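Q: If it helps, the file is called protein.json and holds JSON, C-alpha atoms:
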```
[["chain", "number", "residue", "atom", "x", "y", "z"],
["A", 1, "MET", "CA", 182.78, -34.44, -206.27],
["A", 2, "LYS", "CA", 185.42, -35.49, -208.84],
["A", 3, "THR", "CA", 182.89, -37.83, -210.47],
["A", 4, "VAL", "CA", 180.38, -35.01, -210.82],
["A", 5, "VAL", "CA", 182.99, -32.67, -212.34],
["A", 6, "SER", "CA", 184.18, -35.32, -214.84],
["A", 7, "LYS", "CA", 180.54, -36.05, -215.78],
["A", 8, "ILE", "CA", 179.97, -32.34, -216.40],
["A", 9, "SER", "CA", 183.22, -32.17, -218.42],
["A", 10, "ARG", "CA", 182.01, -35.01, -220.65],
["A", 11, "VAL", "CA", 178.62, -33.33, -221.07],
["A", 12, "LEU", "CA", 180.38, -30.07, -222.00],
["A", 13, "VAL", "CA", 182.57, -31.78, -224.64],
["A", 14, "VAL", "CA", 179.57, -33.60, -226.10],
["A", 15, "THR", "CA", 177.47, -30.41, -225.99],
["A", 16, "LYS", "CA", 180.10, -28.27, -227.72],
["A", 17, "GLU", "CA", 180.63, -30.96, -230.37],
["A", 18, "TYR", "CA", 176.88, -31.23, -230.93],
["A", 19, "LEU", "CA", 176.49, -27.46, -231.17],
["A", 20, "ARG", "CA", 179.39, -27.21, -233.63],
["A", 21, "LEU", "CA", 178.22, -30.11, -235.79],
["A", 22, "LYS", "CA", 174.66, -28.82, -235.92],
["A", 23, "ASP", "CA", 175.86, -25.30, -236.82],
["A", 24, "TYR", "CA", 174.01, -24.35, -233.65],
["A", 25, "GLN", "CA", 171.19, -21.87, -233.89],
["A", 26, "GLN", "CA", 168.50, -21.79, -231.22],
["A", 27, "SER", "CA", 165.46, -19.59, -231.69],
["A", 28, "LEU", "CA", 164.43, -17.70, -228.56],
["A", 29, "GLY", "CA", 161.22, -16.31, -230.01],
["A", 30, "GLU", "CA", 160.80, -12.53, -230.22],
["A", 31, "GLY", "CA", 162.80, -12.63, -233.49],
["A", 32, "LEU", "CA", 166.00, -13.64, -231.67],
["A", 33, "ARG", "CA", 168.30, -16.64, -231.79],
["A", 34, "PHE", "CA", 171.51, -17.89, -230.24],
["A", 35, "ASP", "CA", 174.40, -18.90, -232.50],
["A", 36, "LEU", "CA", 177.50, -20.66, -231.22],
["A", 37, "LEU", "CA", 180.37, -18.14, -231.23],
["A", 38, "GLY", "CA", 182.55, -18.45, -234.31],
["A", 39, "PRO", "CA", 185.01, -16.53, -236.50],
["A", 40, "GLU", "CA", 182.10, -14.87, -238.31],
["A", 41, "HIS", "CA", 181.37, -12.88, -235.12],
["A", 42, "THR", "CA", 184.89, -11.45, -234.77],
["A", 43, "GLU", "CA", 184.15, -7.95, -236.07],
["A", 44, "SER", "CA", 181.17, -7.54, -233.73],
["A", 45, "ILE", "CA", 183.09, -8.87, -230.71],
["A", 46, "LEU", "CA", 186.03, -6.55, -231.37],
["A", 47, "LYS", "CA", 183.70, -3.57, -231.80],
["A", 48, "TRP", "CA", 181.86, -4.30, -228.54],
["A", 49, "ARG", "CA", 184.91, -5.16, -226.45],
["A", 50, "ASN", "CA", 186.80, -2.03, -227.56],
["A", 51, "ASP", "CA", 183.96, 0.49, -227.27],
["A", 52, "LYS", "CA", 185.22, 3.30, -225.01],
["A", 53, "GLU", "CA", 181.78, 3.69, -223.40],
["A", 54, "THR", "CA", 181.47, 0.04, -222.35],
["A", 55, "ILE", "CA", 185.02, -1.25, -221.97],
["A", 56, "GLY", "CA", 184.77, -0.85, -218.19],
["A", 57, "ALA", "CA", 181.91, -3.35, -218.02],
["A", 58, "PHE", "CA", 184.24, -6.28, -218.64],
["A", 59, "THR", "CA", 186.39, -8.14, -216.14],
["A", 60, "THR", "CA", 189.45, -7.21, -218.17],
["A", 61, "THR", "CA", 189.40, -3.54, -219.05],
["A", 62, "GLY", "CA", 192.31, -3.29, -221.49],
["A", 63, "GLY", "CA", 190.29, -3.95, -224.62],
["A", 64, "LEU", "CA", 190.66, -6.90, -226.97],
["A", 65, "SER", "CA", 193.05, -7.23, -229.89],
["A", 66, "ARG", "CA", 192.25, -9.15, -233.06],
["A", 67, "LYS", "CA", 195.22, -11.45, -232.37],
["A", 68, "ALA", "CA", 194.01, -12.23, -228.83],
["A", 69, "HIS", "CA", 190.51, -12.97, -230.09],
["A", 70, "GLU", "CA", 191.81, -15.21, -232.88],
["A", 71, "GLN", "CA", 193.95, -17.09, -230.33],
["A", 72, "PHE", "CA", 190.86, -17.47, -228.13],
["A", 73, "LEU", "CA", 188.91, -18.94, -231.06],
["A", 74, "ALA", "CA", 191.79, -21.25, -232.02],
["A", 75, "THR", "CA", 191.76, -22.82, -228.54],
["A", 76, "TYR", "CA", 188.01, -22.56, -227.98],
["A", 77, "GLU", "CA", 187.31, -26.31, -228.20],
["A", 78, "VAL", "CA", 189.47, -27.05, -225.14],
["A", 79, "GLN", "CA", 188.17, -24.20, -223.01],
["A", 80, "ASP", "CA", 185.71, -24.87, -220.21],
["A", 81, "ARG", "CA", 183.06, -22.54, -221.58],
["A", 82, "ILE", "CA", 180.20, -22.06, -224.00],
["A", 83, "ASP", "CA", 179.74, -18.71, -225.76],
["A", 84, "LEU", "CA", 176.55, -17.87, -227.61],
["A", 85, "VAL", "CA", 175.92, -14.82, -229.77],
["A", 86, "LEU", "CA", 172.46, -13.26, -229.63],
["A", 87, "VAL", "CA", 171.29, -12.49, -233.17],
["A", 88, "ASP", "CA", 168.38, -10.41, -234.48],
["A", 89, "GLU", "CA", 166.79, -12.89, -236.91],
["A", 90, "SER", "CA", 165.12, -10.20, -239.02],
["A", 91, "THR", "CA", 168.45, -8.61, -239.98],
["A", 92, "ASP", "CA", 170.86, -11.47, -239.11],
["A", 93, "THR", "CA", 172.71, -8.92, -236.95],
["A", 94, "PRO", "CA", 174.73, -10.06, -233.92],
["A", 95, "ILE", "CA", 173.61, -7.92, -230.98],
["A", 96, "GLY", "CA", 175.27, -9.41, -227.91],
["A", 97, "VAL", "CA", 177.15, -12.29, -226.33],
["A", 98, "PHE", "CA", 176.03, -14.64, -223.55],
["A", 99, "TYR", "CA", 178.32, -17.21, -222.01],
["A", 100, "LEU", "CA", 178.97, -19.85, -219.39],
["A", 101, "THR", "CA", 182.51, -20.24, -218.06],
["A", 102, "GLY", "CA", 184.02, -22.75, -215.66],
["A", 103, "VAL", "CA", 181.25, -25.12, -216.66],
["A", 104, "SER", "CA", 182.96, -28.21, -215.25],
["A", 105, "SER", "CA", 184.16, -26.41, -212.12],
["A", 106, "THR", "CA", 182.41, -25.99, -208.80],
["A", 107, "ASN", "CA", 181.98, -22.28, -209.62],
["A", 108, "PRO", "CA", 180.34, -22.01, -213.07],
["A", 109, "GLN", "CA", 179.75, -18.42, -214.12],
["A", 110, "ILE", "CA", 177.28, -16.78, -216.42],
["A", 111, "GLY", "CA", 177.93, -13.59, -218.34],
["A", 112, "LYS", "CA", 176.01, -11.36, -220.71],
["A", 113, "PHE", "CA", 176.49, -8.26, -222.78],
["A", 114, "ILE", "CA", 174.31, -6.48, -225.32],
["A", 115, "GLY", "CA", 176.91, -4.91, -227.59],
["A", 116, "GLU", "CA", 174.65, -3.12, -230.06],
["A", 117, "LYS", "CA", 173.52, 0.00, -228.23],
["A", 118, "HIS", "CA", 170.12, 0.45, -229.90],
["A", 119, "TYR", "CA", 169.07, -3.01, -228.62],
["A", 120, "ARG", "CA", 169.75, -2.12, -224.97],
["A", 121, "GLY", "CA", 166.94, -1.35, -222.54],
["A", 122, "LYS", "CA", 164.40, -3.53, -224.38],
["A", 123, "GLY", "CA", 164.45, -6.57, -222.07],
["A", 124, "LEU", "CA", 166.53, -8.67, -224.47],
["A", 125, "ALA", "CA", 169.31, -9.37, -221.96],
["A", 126, "LYS", "CA", 166.75, -10.76, -219.53],
["A", 127, "LEU", "CA", 165.08, -12.92, -222.18],
["A", 128, "ALA", "CA", 168.38, -14.31, -223.46],
["A", 129, "THR", "CA", 169.81, -14.87, -219.97],
["A", 130, "GLN", "CA", 166.67, -16.77, -218.95],
["A", 131, "ALA", "CA", 167.22, -19.06, -221.96],
["A", 132, "LEU", "CA", 170.89, -19.54, -221.06],
["A", 133, "ILE", "CA", 169.99, -20.36, -217.45],
["A", 134, "ARG", "CA", 167.48, -22.98, -218.65],
["A", 135, "PHE", "CA", 170.18, -24.45, -220.91],
["A", 136, "ALA", "CA", 172.68, -24.56, -218.02],
["A", 137, "PHE", "CA", 170.28, -26.18, -215.57],
["A", 138, "ASP", "CA", 168.26, -28.43, -217.89],
["A", 139, "HIS", "CA", 170.86, -29.54, -220.45],
["A", 140, "LEU", "CA", 174.17, -29.27, -218.60],
["A", 141, "GLN", "CA", 172.57, -30.27, -215.30],
["A", 142, "LEU", "CA", 174.38, -27.55, -213.35],
["A", 143, "VAL", "CA", 173.04, -27.02, -209.84],
["A", 144, "GLU", "CA", 174.17, -23.42, -209.36],
["A", 145, "LEU", "CA", 175.46, -20.48, -211.34],
["A", 146, "TYR", "CA", 177.48, -17.46, -210.28],
["A", 147, "ALA", "CA", 177.57, -13.96, -211.72],
["A", 148, "HIS", "CA", 180.50, -11.62, -211.09],
["A", 149, "THR", "CA", 179.37, -8.05, -211.74],
["A", 150, "ARG", "CA", 181.23, -4.79, -211.27],
["A", 151, "LYS", "CA", 179.87, -3.09, -208.18],
["A", 152, "ASP", "CA", 179.12, 0.08, -210.15],
["A", 153, "ASN", "CA", 177.07, -1.80, -212.78],
["A", 154, "GLN", "CA", 173.75, -1.41, -210.98],
["A", 155, "LYS", "CA", 171.65, -2.26, -214.05],
["A", 156, "ASN", "CA", 173.29, -5.67, -214.31],
["A", 157, "ILE", "CA", 173.03, -6.29, -210.56],
["A", 158, "LEU", "CA", 169.30, -5.45, -210.68],
["A", 159, "LEU", "CA", 168.86, -7.73, -213.71],
["A", 160, "ASN", "CA", 170.64, -10.56, -211.90],
["A", 161, "GLN", "CA", 168.35, -10.06, -208.90],
["A", 162, "ALA", "CA", 165.29, -10.12, -211.17],
["A", 163, "LEU", "CA", 166.58, -13.43, -212.57],
["A", 164, "GLY", "CA", 166.77, -14.87, -209.04],
["A", 165, "PHE", "CA", 170.45, -14.37, -208.22],
["A", 166, "ARG", "CA", 171.28, -13.49, -204.61],
["A", 167, "SER", "CA", 174.35, -11.57, -203.43],
["A", 168, "GLU", "CA", 176.98, -13.81, -201.87],
["A", 169, "SER", "CA", 179.96, -11.51, -201.37],
["A", 170, "VAL", "CA", 182.00, -8.62, -202.67],
["A", 171, "ALA", "CA", 185.48, -9.25, -204.10],
["A", 172, "GLU", "CA", 188.29, -6.80, -204.78],
["A", 173, "SER", "CA", 190.69, -7.35, -207.66],
["A", 174, "SER", "CA", 193.17, -5.33, -209.66],
["A", 175, "ASN", "CA", 190.33, -4.76, -212.17],
["A", 176, "GLY", "CA", 187.86, -3.36, -209.64],
["A", 177, "THR", "CA", 185.26, -4.36, -207.07],
["A", 178, "PHE", "CA", 182.83, -7.13, -208.01],
["A", 179, "VAL", "CA", 179.55, -8.30, -206.50],
["A", 180, "ILE", "CA", 179.45, -12.10, -206.52],
["A", 181, "MET", "CA", 175.90, -13.42, -206.96],
["A", 182, "LYS", "CA", 174.58, -16.97, -206.95],
["A", 183, "LEU", "CA", 171.54, -18.71, -208.44],
["A", 184, "GLN", "CA", 170.51, -22.20, -207.27],
["A", 185, "ARG", "CA", 168.60, -24.55, -209.52],
["A", 186, "SER", "CA", 165.13, -24.97, -208.10]]
```
What's the structure tokens form of this structure?

A:
Amino acid sequence: MKTVVSKISRVLVVTKEYLRLKDYQQSLGEGLRFDLLGPEHTESILKWRNDKETIGAFTTTGGLSRKAHEQFLATYEVQDRIDLVLVDESTDTPIGVFYLTGVSSTNPQIGKFIGEKHYRGKGLAKLATQALIRFAFDHLQLVELYAHTRKDNQKNILLNQALGFRSESVAESSNGTFVIMKLQRS
């Protein structure tokens, strides 16, 4: 197992370096693209993560300070994750964030959030998550992905099910109750 994890770690380092060097932008069709998360997305991330209506959707519910986000970006290259910002190509507007964490672990997780409210309910989260799943399975060669979703976030649980995730367990934490779901590469 250690060999597999170190192979994935090397792929992650190479992938992040490639994405950074290529000023990563990946068109998803439908007038959308993924950009690698960078400092230029800070204002959008802070707005989304501190919105009183949606702050409870995140694993950590205390909001996000500018300093904490800047520290996150400063250490991003050594973190075991890939964060992509969904952008409306017609307006060049960031509309959400999609990410893989624990990529070189035995429990890689996927996450998604449409931050711009007027883009919600249009199927964009499903489209972008499908692209991220393909990236995880085809490029990173992951064999499974997990999603940790607040138990009261039924829309996200239903979306995960529509994407093929199956419930594994329910976990309690100081931040709430989470449904743990798993997707196997087919």

Q: Quick one: residues within 9 Å of Gly96 in chain A, only C-alpha atoms, excluding same-chain residues fewer than 4 positions away - as a list of chain:residue names?

A: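 The residues that qualify are A:Ser44, A:Ile45, A:Trp48, A:Leu84, A:Val85, A:Leu86, A:Val87, A:Lys112, A:Phe113, A:Ile114, A:Gly115, A:Glu116, A:Tyr119, A:Ala125.
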
Q: Here is a test: counting only C-alpha atoms, which residue of A:Thr149, A:Thr91, A:Thr101, A:Gln79 is nearest to Gly176 in chain A?

A: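 So, comparing all the options, the nearest one is A:Thr149.
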
Q: Taking all atoms listed in the file into account, name the residue in A:Leu159, A:Ile180, A:Ile110, A:Ala147 that is nearest to Ile133 in chain A.

A: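 Between A:Leu159, A:Ile180, A:Ile110, A:Ala147, the residue approaching Ile133 in chain A most closely is A:Ile110.
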
Q: With a distance cut-off of 8 Å and only C-alpha atoms, select the neighbouring residues of Gly31 in chain A, excluding the residue or stretch itself and same-chain residues fewer than 5 positions from it, and output the selection as a PyMOL selection string.

A: chain A and resi 88-90

Q: Just the residues within 9 Å of Arg81 in chain A, please, counting only C-alpha atoms, with nothing from its chain fewer than 2 positions along; format it as a PyMOL selection string.

A: chain A and resi 12+16+76-79+83+99-104+108
